[in-house]
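Contents: one structure, followed by commentary.
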Amino acid sequence: MTSPFEEAKRQVDSAADKLGISKPMRARLKKPDLFYSFWVRIRLDNRRRAKFMGFRSQYNNALGPYKGGIRFHPDETAETIRALSAWMTWKCSLTGLPLGGAKGGIICDPSKLSESELERLSKAYSKKITKIIGPWKDIPAPDVYTNSQTMAWMLEEYESVIKTSAPGAFTGKPVELGGHAGRHESTGKGVVITTREALKRLRLKPRQTSAIIQGFGNVGQFAAKYYEELGIKVIGYSDSSGAIFNSKGIKFKEVLAHKKKEGKLATMTGVKHMSNDSLLTQKCDILAPCALEGIITRKNAFEIKAKIIAEGANGPTTVDADKILFKRGILVIPDILCNAGGVIGSYFEWSMNNTGEYWTLNKYNKNLDSVLTKSFDKIYKLYEKEKNIDFRETAYMIAVKRVADAMRLRGRQ
Ligand code: NAD
């Protein structure tokens, strides 16, 4: 299988071909401006010293400061971080934000670290990247296995090094530290808003549809909650422990209560258990991958039975799988639109931190809905006009063009 970054580059090439982008510009659009890798050293609770590999990839800032989350994951790689930073660039561009793209991460298993070890690791990482981040340089946020607490620790370290208060240096913070109550839910909510728009275009009624959600973390949980609120029946869930299924529907509240109590879905009773892979190919209308990249490939793309794939996760579908899904008439809502609710919410938070004007939750959610609905509409109009181009390629044409135009205006060729 090709690496996520190879996949990311193929996506740019495909858009660049259609847009007639020059070779030198294309080369610039296919590499990060800066890729920083470093050791993060901490003291463990048992007083031993440990070191972890950390990364920060600043992909492109032609549209504004670099922006992107930080992941803690045992299987993290430099190539994945590069790909994620590219996808952030296209996501911000597609949704019209004045932000560029970045991503960071640490190779570590947070489940094996204590709370105080995680605090030291977050602070040590923040110290390492202090020089290259800031409200007008690069603004990190939470991602897989990091959360608002991680951001609070990182902000504390950053501000203590620069000796200035700078809440706009991180987003996804706790509300007490300048975060916004809407941010936590905004990625999952965005998955549901974009799915709602896709259902309208396919003339499907939410109450007559079913969904399967892979991944039960920040994105998957709120996608499930708001799918149910919209009237969609959620019939399958999974987390890293396994998958659960019931064609009659499984109530979100029950799944959440079980996950909170037991920490894993695999032990839930009264449901059918199966492997994570077989959950993806069960009959449903909406399949929402909300875990990690590279899970829909040419190996399982022929078996997918959903009418819509809502990419809550970043990069869950490979380029080869995309081609198969398009031929089979399955509408893929690409990650750079489907999960953009997170960065749109982060942009709202950052703007509020910079202006000091804070919005109500109602205003926040209304604006989130409006940005995503308009972005969806813009892509769909072009998608209907351009025959033989899938929904992702259409989104990339819009996203890549906006960045390339900004690069040209700056004389960066
Ligand atoms: P999270 O750490 O909160 O949750 C990840 C979930 O995926 C966990 O439930 C984990 O058990 C599950 N998981 C891991 N491997 C799995 C597997 N093989 N099969 C099934 N489930 C598996 O992470 P998150 O923040 O929800 O992020 C999920 C995805 O969404 C990532 O691709 C991330 O980059 C993307 N994303 C997150 C945000 C955000 O705001 N958090 C924004 C945009 C995109």
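Residue numbering restarts at 1 for every chain of the structure tokens, chains are lettered A, B, ... in their displayed order, and ligands are numbered from 1 as they appear.
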
Can you pull out every residue with an atom within 6 Å of ligand 1? Use only C-alpha atoms and all ligand atoms and format it as a PDB file with N, CA and C atoms, in the first residue's frame.
ATOM      1  N   PRO A 142      -6.285  19.994  19.064  1.00  0.00           N
ATOM      2  CA  PRO A 142      -6.273  18.552  19.392  1.00  0.00           C
ATOM      3  C   PRO A 142      -6.536  17.681  18.167  1.00  0.00           C
ATOM      4  N   ASP A 143      -6.094  16.448  18.240  1.00  0.00           N
ATOM      5  CA  ASP A 143      -6.412  15.455  17.208  1.00  0.00           C
ATOM      6  C   ASP A 143      -6.497  14.103  17.928  1.00  0.00           C
ATOM      7  N   VAL A 144      -6.124  13.024  17.247  1.00  0.00           N
ATOM      8  CA  VAL A 144      -6.290  11.693  17.834  1.00  0.00           C
ATOM      9  C   VAL A 144      -5.495  11.565  19.149  1.00  0.00           C
ATOM     10  N   TYR A 145      -6.187  11.132  20.192  1.00  0.00           N
ATOM     11  CA  TYR A 145      -5.641  10.903  21.538  1.00  0.00           C
ATOM     12  C   TYR A 145      -5.035  12.151  22.190  1.00  0.00           C
ATOM     13  N   THR A 187     -16.458  19.058  15.012  1.00  0.00           N
ATOM     14  CA  THR A 187     -16.076  18.153  13.914  1.00  0.00           C
ATOM     15  C   THR A 187     -17.206  17.155  13.650  1.00  0.00           C
ATOM     16  N   GLN A 214     -17.449   4.174  12.184  1.00  0.00           N
ATOM     17  CA  GLN A 214     -16.203   3.525  12.601  1.00  0.00           C
ATOM     18  C   GLN A 214     -15.409   4.513  13.440  1.00  0.00           C
ATOM     19  N   GLY A 215     -15.064   4.146  14.676  1.00  0.00           N
ATOM     20  CA  GLY A 215     -14.333   5.049  15.577  1.00  0.00           C
ATOM     21  C   GLY A 215     -15.321   5.703  16.525  1.00  0.00           C
ATOM     22  N   PHE A 216     -15.026   5.628  17.811  1.00  0.00           N
ATOM     23  CA  PHE A 216     -15.961   6.189  18.799  1.00  0.00           C
ATOM     24  C   PHE A 216     -15.210   7.142  19.721  1.00  0.00           C
ATOM     25  N   GLY A 217     -14.484   8.094  19.096  1.00  0.00           N
ATOM     26  CA  GLY A 217     -13.780   9.123  19.867  1.00  0.00           C
ATOM     27  C   GLY A 217     -14.506  10.437  19.706  1.00  0.00           C
ATOM     28  N   ASN A 218     -13.760  11.510  19.691  1.00  0.00           N
ATOM     29  CA  ASN A 218     -14.379  12.832  19.600  1.00  0.00           C
ATOM     30  C   ASN A 218     -15.279  12.949  18.359  1.00  0.00           C
ATOM     31  N   VAL A 219     -14.775  12.598  17.208  1.00  0.00           N
ATOM     32  CA  VAL A 219     -15.538  12.788  15.973  1.00  0.00           C
ATOM     33  C   VAL A 219     -16.708  11.795  15.896  1.00  0.00           C
ATOM     34  N   GLY A 220     -16.407  10.515  16.105  1.00  0.00           N
ATOM     35  CA  GLY A 220     -17.431   9.476  15.976  1.00  0.00           C
ATOM     36  C   GLY A 220     -18.578   9.653  16.956  1.00  0.00           C
ATOM     37  N   SER A 238     -17.858   1.163  16.044  1.00  0.00           N
ATOM     38  CA  SER A 238     -16.649   0.415  16.402  1.00  0.00           C
ATOM     39  C   SER A 238     -15.667   1.327  17.112  1.00  0.00           C
ATOM     40  N   ASP A 239     -14.771   0.708  17.866  1.00  0.00           N
ATOM     41  CA  ASP A 239     -13.597   1.421  18.382  1.00  0.00           C
ATOM     42  C   ASP A 239     -12.420   0.468  18.215  1.00  0.00           C
ATOM     43  N   SER A 240     -11.269   0.791  18.790  1.00  0.00           N
ATOM     44  CA  SER A 240     -10.110  -0.074  18.529  1.00  0.00           C
ATOM     45  C   SER A 240     -10.281  -1.466  19.144  1.00  0.00           C
ATOM     46  N   ASN A 276     -13.767  -5.206  13.028  1.00  0.00           N
ATOM     47  CA  ASN A 276     -13.871  -3.831  12.523  1.00  0.00           C
ATOM     48  C   ASN A 276     -13.976  -3.819  11.009  1.00  0.00           C
ATOM     49  N   CYS A 290     -14.601   7.299  11.116  1.00  0.00           N
ATOM     50  CA  CYS A 290     -14.192   8.388  12.022  1.00  0.00           C
ATOM     51  C   CYS A 290     -13.023   7.935  12.888  1.00  0.00           C
ATOM     52  N   ALA A 291     -12.104   7.129  12.325  1.00  0.00           N
ATOM     53  CA  ALA A 291     -10.957   6.655  13.120  1.00  0.00           C
ATOM     54  C   ALA A 291      -9.649   7.114  12.472  1.00  0.00           C
ATOM     55  N   LEU A 292      -9.092   6.267  11.608  1.00  0.00           N
ATOM     56  CA  LEU A 292      -7.777   6.600  11.056  1.00  0.00           C
ATOM     57  C   LEU A 292      -7.771   6.523   9.527  1.00  0.00           C
ATOM     58  N   GLY A 312     -15.411  11.343   8.304  1.00  0.00           N
ATOM     59  CA  GLY A 312     -15.106  12.042   9.554  1.00  0.00           C
ATOM     60  C   GLY A 312     -13.615  12.028   9.826  1.00  0.00           C
ATOM     61  N   ALA A 313     -12.958  10.925   9.478  1.00  0.00           N
ATOM     62  CA  ALA A 313     -11.503  10.800   9.665  1.00  0.00           C
ATOM     63  C   ALA A 313     -10.777  11.499   8.522  1.00  0.00           C
ATOM     64  N   ASN A 314      -9.500  11.728   8.708  1.00  0.00           N
ATOM     65  CA  ASN A 314      -8.655  12.252   7.638  1.00  0.00           C
ATOM     66  C   ASN A 314      -8.097  11.090   6.832  1.00  0.00           C
ATOM     67  N   ASN A 339     -14.981  16.673   7.559  1.00  0.00           N
ATOM     68  CA  ASN A 339     -14.542  16.902   8.941  1.00  0.00           C
ATOM     69  C   ASN A 339     -13.998  18.318   9.145  1.00  0.00           C
ATOM     70  N   GLY A 342     -14.210  20.902  12.424  1.00  0.00           N
ATOM     71  CA  GLY A 342     -13.216  21.082  13.488  1.00  0.00           C
ATOM     72  C   GLY A 342     -12.383  22.330  13.273  1.00  0.00           C
TER      73      GLY A 342
END

Let's see if you can do this: from backbone DSSP, list all alpha helix (DSSP H) residues in region 162-366 of chain A, as a PyMOL selection string. chain A and resi 162+183-201+218-230+252-262+276-280+319-327+335-338+341-355+361-366

What does the file look like for those residues with C-alpha atoms, as a tab-separated table (two decimals), in the first residue's frame?
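Below is the file result_17.tsv, written as the result:
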chain	number	residue	atom	x	y	z
A	162	ILE	CA	7.45	33.62	25.51
A	183	ARG	CA	-15.49	23.54	19.53
A	184	HIS	CA	-15.52	20.11	21.17
A	185	GLU	CA	-18.53	19.00	19.14
A	186	SER	CA	-17.85	20.89	15.93
A	187	THR	CA	-16.08	18.15	13.91
A	188	GLY	CA	-18.78	15.55	14.57
A	189	LYS	CA	-21.49	18.14	14.02
A	190	GLY	CA	-19.87	19.06	10.69
A	191	VAL	CA	-19.97	15.40	9.62
A	192	VAL	CA	-23.73	15.46	10.19
A	193	ILE	CA	-24.28	18.84	8.47
A	194	THR	CA	-22.44	17.68	5.33
A	195	THR	CA	-24.25	14.31	5.41
A	196	ARG	CA	-27.58	16.17	5.66
A	197	GLU	CA	-26.66	18.14	2.53
A	198	ALA	CA	-25.63	14.95	0.69
A	199	LEU	CA	-28.92	13.25	1.63
A	200	LYS	CA	-30.85	16.23	0.21
A	201	ARG	CA	-28.99	15.97	-3.11
A	218	ASN	CA	-14.38	12.83	19.60
A	219	VAL	CA	-15.54	12.79	15.97
A	220	GLY	CA	-17.43	9.48	15.98
A	221	GLN	CA	-19.33	10.17	19.19
A	222	PHE	CA	-20.69	13.53	18.13
A	223	ALA	CA	-21.42	12.28	14.63
A	224	ALA	CA	-23.51	9.50	16.24
A	225	LYS	CA	-25.27	11.90	18.61
A	226	TYR	CA	-26.27	14.32	15.85
A	227	TYR	CA	-27.13	11.61	13.30
A	228	GLU	CA	-29.63	10.32	15.83
A	229	GLU	CA	-30.98	13.85	16.44
A	230	LEU	CA	-31.52	14.21	12.70
A	252	PHE	CA	-26.18	6.36	21.11
A	253	LYS	CA	-26.79	7.02	24.82
A	254	GLU	CA	-26.46	3.32	25.63
A	255	VAL	CA	-23.23	3.00	23.65
A	256	LEU	CA	-21.79	6.09	25.31
A	257	ALA	CA	-22.76	4.90	28.80
A	258	HIS	CA	-21.12	1.53	28.12
A	259	LYS	CA	-17.96	3.12	26.69
A	260	LYS	CA	-17.68	5.41	29.73
A	261	LYS	CA	-18.08	2.51	32.13
A	262	GLU	CA	-16.03	-0.20	30.40
A	276	ASN	CA	-13.87	-3.83	12.52
A	277	ASP	CA	-13.29	-4.77	8.89
A	278	SER	CA	-16.59	-6.58	8.47
A	279	LEU	CA	-18.52	-3.67	10.01
A	280	LEU	CA	-17.43	-1.51	7.07
A	319	VAL	CA	-7.12	7.07	-4.40
A	320	ASP	CA	-7.65	3.61	-5.95
A	321	ALA	CA	-10.70	3.01	-3.77
A	322	ASP	CA	-12.09	6.43	-4.77
A	323	LYS	CA	-12.12	5.37	-8.42
A	324	ILE	CA	-14.03	2.17	-7.61
A	325	LEU	CA	-16.54	3.98	-5.39
A	326	PHE	CA	-17.16	6.61	-8.07
A	327	LYS	CA	-17.84	3.94	-10.70
A	335	ASP	CA	-12.50	14.57	4.55
A	336	ILE	CA	-11.45	18.09	3.53
A	337	LEU	CA	-15.15	19.02	3.63
A	338	CYS	CA	-16.75	16.40	5.88
A	341	GLY	CA	-16.19	21.51	11.15
A	342	GLY	CA	-13.22	21.08	13.49
A	343	VAL	CA	-10.98	23.64	11.84
A	344	ILE	CA	-13.88	26.00	11.15
A	345	GLY	CA	-14.70	25.88	14.87
A	346	SER	CA	-11.00	26.41	15.62
A	347	TYR	CA	-10.98	29.42	13.32
A	348	PHE	CA	-13.94	30.89	15.23
A	349	GLU	CA	-12.13	30.31	18.54
A	350	TRP	CA	-8.89	31.85	17.23
A	351	SER	CA	-10.77	34.90	15.90
A	352	MET	CA	-12.51	35.34	19.26
A	353	ASN	CA	-9.17	35.10	21.10
A	354	ASN	CA	-7.65	37.69	18.79
A	355	THR	CA	-10.55	40.18	18.93
A	361	LEU	CA	-23.18	28.94	21.33
A	362	ASN	CA	-26.14	29.62	19.10
A	363	LYS	CA	-24.19	32.06	16.91
A	364	TYR	CA	-21.22	29.67	16.79
A	365	ASN	CA	-23.35	26.74	15.63
A	366	LYS	CA	-25.31	28.83	13.12

Would you mind listing, for every residue of region 117-182 of chain A within 12 Å of region 21-35 of chain A, the two atoms forming the shortest contact and the distance between them in Å to one decimal, using only C-alpha atoms, sorted by chain and ascending residue number, as JSON lines?
{"residue": "A:Ile129", "atom": "CA", "partner": "A:Phe35", "partner_atom": "CA", "distance": 11.5}
{"residue": "A:Ile132", "atom": "CA", "partner": "A:Leu34", "partner_atom": "CA", "distance": 9.8}
{"residue": "A:Asp138", "atom": "CA", "partner": "A:Leu34", "partner_atom": "CA", "distance": 11.6}

Might you pull out every residue within 6 Å of region 59-63 of chain A, with only C-alpha atoms counted and same-chain residues fewer than 6 positions away left off, and present them as a compact mmCIF listing (two decimals) with N, CA, C and O atoms, in the first residue's frame?
# COMPACT_ATOMS: atom_id res chain seq x y z
N PRO A 32 5.87 20.06 2.07
CA PRO A 32 5.69 21.02 3.16
C PRO A 32 6.73 22.12 3.11
O PRO A 32 7.87 21.88 2.68
N ASP A 33 6.38 23.32 3.57
CA ASP A 33 7.35 24.41 3.67
C ASP A 33 8.45 24.02 4.65
O ASP A 33 9.61 24.32 4.45
N SER A 85 -0.82 17.28 7.14
CA SER A 85 -0.60 18.73 7.01
C SER A 85 -1.03 19.22 5.63
O SER A 85 -1.52 20.35 5.48
N ALA A 86 -0.88 18.36 4.61
CA ALA A 86 -1.37 18.72 3.27
C ALA A 86 -2.89 18.81 3.30
O ALA A 86 -3.49 19.78 2.82
N PRO A 98 -9.03 31.97 6.28
CA PRO A 98 -7.76 32.66 6.03
C PRO A 98 -6.62 31.97 6.77
O PRO A 98 -5.89 32.57 7.55
N LEU A 99 -6.47 30.67 6.55
CA LEU A 99 -5.49 29.85 7.28
C LEU A 99 -4.79 28.88 6.34
O LEU A 99 -5.38 28.45 5.34
N GLY A 100 -3.56 28.53 6.70
CA GLY A 100 -2.82 27.52 5.96
C GLY A 100 -2.97 26.17 6.65
O GLY A 100 -3.86 25.98 7.46
N GLY A 101 -2.03 25.24 6.32
CA GLY A 101 -2.16 23.90 6.87
C GLY A 101 -0.90 23.41 7.56
O GLY A 101 0.22 23.71 7.12
N ALA A 102 -1.08 22.66 8.64
CA ALA A 102 0.04 22.09 9.39
C ALA A 102 -0.45 20.83 10.11
O ALA A 102 -1.64 20.53 10.09
N ALA A 406 -3.14 32.21 -4.48
CA ALA A 406 -2.49 33.00 -3.41
C ALA A 406 -0.97 32.94 -3.56
O ALA A 406 -0.27 33.94 -3.35
N MET A 407 -0.46 31.77 -3.95
CA MET A 407 0.99 31.62 -4.15
C MET A 407 1.46 32.54 -5.29
O MET A 407 2.47 33.22 -5.17

Under the rule that only C-alpha atoms are counted, which of A:Arg41, A:Lys283, A:Arg408, A:Lys163 is the nearest residue to Lys123 (chain A)? A:Arg41

I need the residues of region 58-172 of chain A that end up classed as strand (DSSP E) by DSSP on the backbone, written out as a list in words. Gln58, Tyr59, Asn60, Tyr66, Lys67, Gly68, Gly69, Ile70, Arg71, Phe72, His73, Gly101, Ala102, Lys103, Gly104, Gly105, Ile106, Ile107, Asp138, Ile139, Pro140, Ala141 and Pro142 of chain A

Set the distance at 10 Å and use only C-alpha atoms: which residues neighbour region 73-78 of chain A once local chain neighbours fewer than 3 positions away are removed? I'd like the list as a VMD selection string. chain A and resid 3 to 5 35 to 37 53 to 57 70 81 to 84 104 to 111 143 to 146

Selection near Phe245 (chain A), 7 Å with only C-alpha atoms, sequence-local residues under 2 positions removed, as an mmCIF file with all heavy atoms, in the first residue's frame:
data_model
loop_
_atom_site.group_PDB
_atom_site.id
_atom_site.type_symbol
_atom_site.label_atom_id
_atom_site.label_comp_id
_atom_site.auth_asym_id
_atom_site.auth_seq_id
_atom_site.Cartn_x
_atom_site.Cartn_y
_atom_site.Cartn_z
ATOM 1 N N ILE A 235 -26.781 1.995 13.213
ATOM 2 C CA ILE A 235 -26.898 0.542 13.383
ATOM 3 C C ILE A 235 -25.559 -0.145 13.695
ATOM 4 O O ILE A 235 -25.536 -1.321 14.017
ATOM 5 C CB ILE A 235 -27.553 -0.111 12.140
ATOM 6 C CG1 ILE A 235 -26.744 0.215 10.874
ATOM 7 C CG2 ILE A 235 -28.993 0.366 11.977
ATOM 8 C CD1 ILE A 235 -27.230 -0.529 9.630
ATOM 9 N N GLY A 236 -24.464 0.595 13.588
ATOM 10 C CA GLY A 236 -23.176 -0.036 13.880
ATOM 11 C C GLY A 236 -22.155 0.966 14.375
ATOM 12 O O GLY A 236 -22.177 2.138 13.965
ATOM 13 N N TYR A 237 -21.321 0.502 15.292
ATOM 14 C CA TYR A 237 -20.266 1.349 15.865
ATOM 15 C C TYR A 237 -19.014 0.494 15.996
ATOM 16 O O TYR A 237 -19.101 -0.727 16.146
ATOM 17 C CB TYR A 237 -20.609 1.796 17.289
ATOM 18 C CG TYR A 237 -21.855 2.618 17.482
ATOM 19 C CD1 TYR A 237 -23.110 2.016 17.547
ATOM 20 C CD2 TYR A 237 -21.771 3.997 17.653
ATOM 21 C CE1 TYR A 237 -24.250 2.773 17.768
ATOM 22 C CE2 TYR A 237 -22.903 4.767 17.879
ATOM 23 C CZ TYR A 237 -24.145 4.152 17.936
ATOM 24 O OH TYR A 237 -25.265 4.908 18.162
ATOM 25 N N ALA A 243 -16.171 -4.202 16.949
ATOM 26 C CA ALA A 243 -17.349 -3.560 16.360
ATOM 27 C C ALA A 243 -18.642 -4.180 16.884
ATOM 28 O O ALA A 243 -18.691 -5.367 17.202
ATOM 29 C CB ALA A 243 -17.283 -3.707 14.844
ATOM 30 N N SER A 247 -29.196 -4.265 13.220
ATOM 31 C CA SER A 247 -29.886 -3.613 12.092
ATOM 32 C C SER A 247 -31.101 -2.808 12.551
ATOM 33 O O SER A 247 -31.606 -1.964 11.813
ATOM 34 C CB SER A 247 -30.283 -4.653 11.049
ATOM 35 O OG SER A 247 -31.123 -5.605 11.662
ATOM 36 N N VAL A 271 -25.973 -6.956 21.512
ATOM 37 C CA VAL A 271 -25.670 -6.539 20.137
ATOM 38 C C VAL A 271 -24.837 -7.630 19.463
ATOM 39 O O VAL A 271 -24.274 -8.488 20.147
ATOM 40 C CB VAL A 271 -24.852 -5.210 20.112
ATOM 41 C CG1 VAL A 271 -25.686 -4.026 20.527
ATOM 42 C CG2 VAL A 271 -23.596 -5.325 20.975
ATOM 43 N N LYS A 272 -24.780 -7.572 18.133
ATOM 44 C CA LYS A 272 -23.952 -8.549 17.404
ATOM 45 C C LYS A 272 -22.505 -8.041 17.381
ATOM 46 O O LYS A 272 -22.284 -6.840 17.169
ATOM 47 C CB LYS A 272 -24.490 -8.639 15.977
ATOM 48 C CG LYS A 272 -24.088 -9.866 15.241
ATOM 49 C CD LYS A 272 -24.860 -9.943 13.933
ATOM 50 C CE LYS A 272 -24.112 -10.840 12.979
ATOM 51 N NZ LYS A 272 -24.679 -10.829 11.659
ATOM 52 N N HIS A 273 -21.558 -8.926 17.610
ATOM 53 C CA HIS A 273 -20.146 -8.512 17.563
ATOM 54 C C HIS A 273 -19.505 -8.990 16.266
ATOM 55 O O HIS A 273 -19.836 -10.067 15.768
ATOM 56 C CB HIS A 273 -19.386 -9.091 18.764
ATOM 57 C CG HIS A 273 -19.797 -8.425 20.037
ATOM 58 N ND1 HIS A 273 -19.163 -7.332 20.531
ATOM 59 C CD2 HIS A 273 -20.835 -8.680 20.881
ATOM 60 C CE1 HIS A 273 -19.770 -6.934 21.629
ATOM 61 N NE2 HIS A 273 -20.788 -7.734 21.868
#

Considering only C-alpha atoms, can you say which of A:Gln208, A:Asn388, A:Gln413, A:Thr318 comes closest to Lys9 (chain A)? A:Thr318
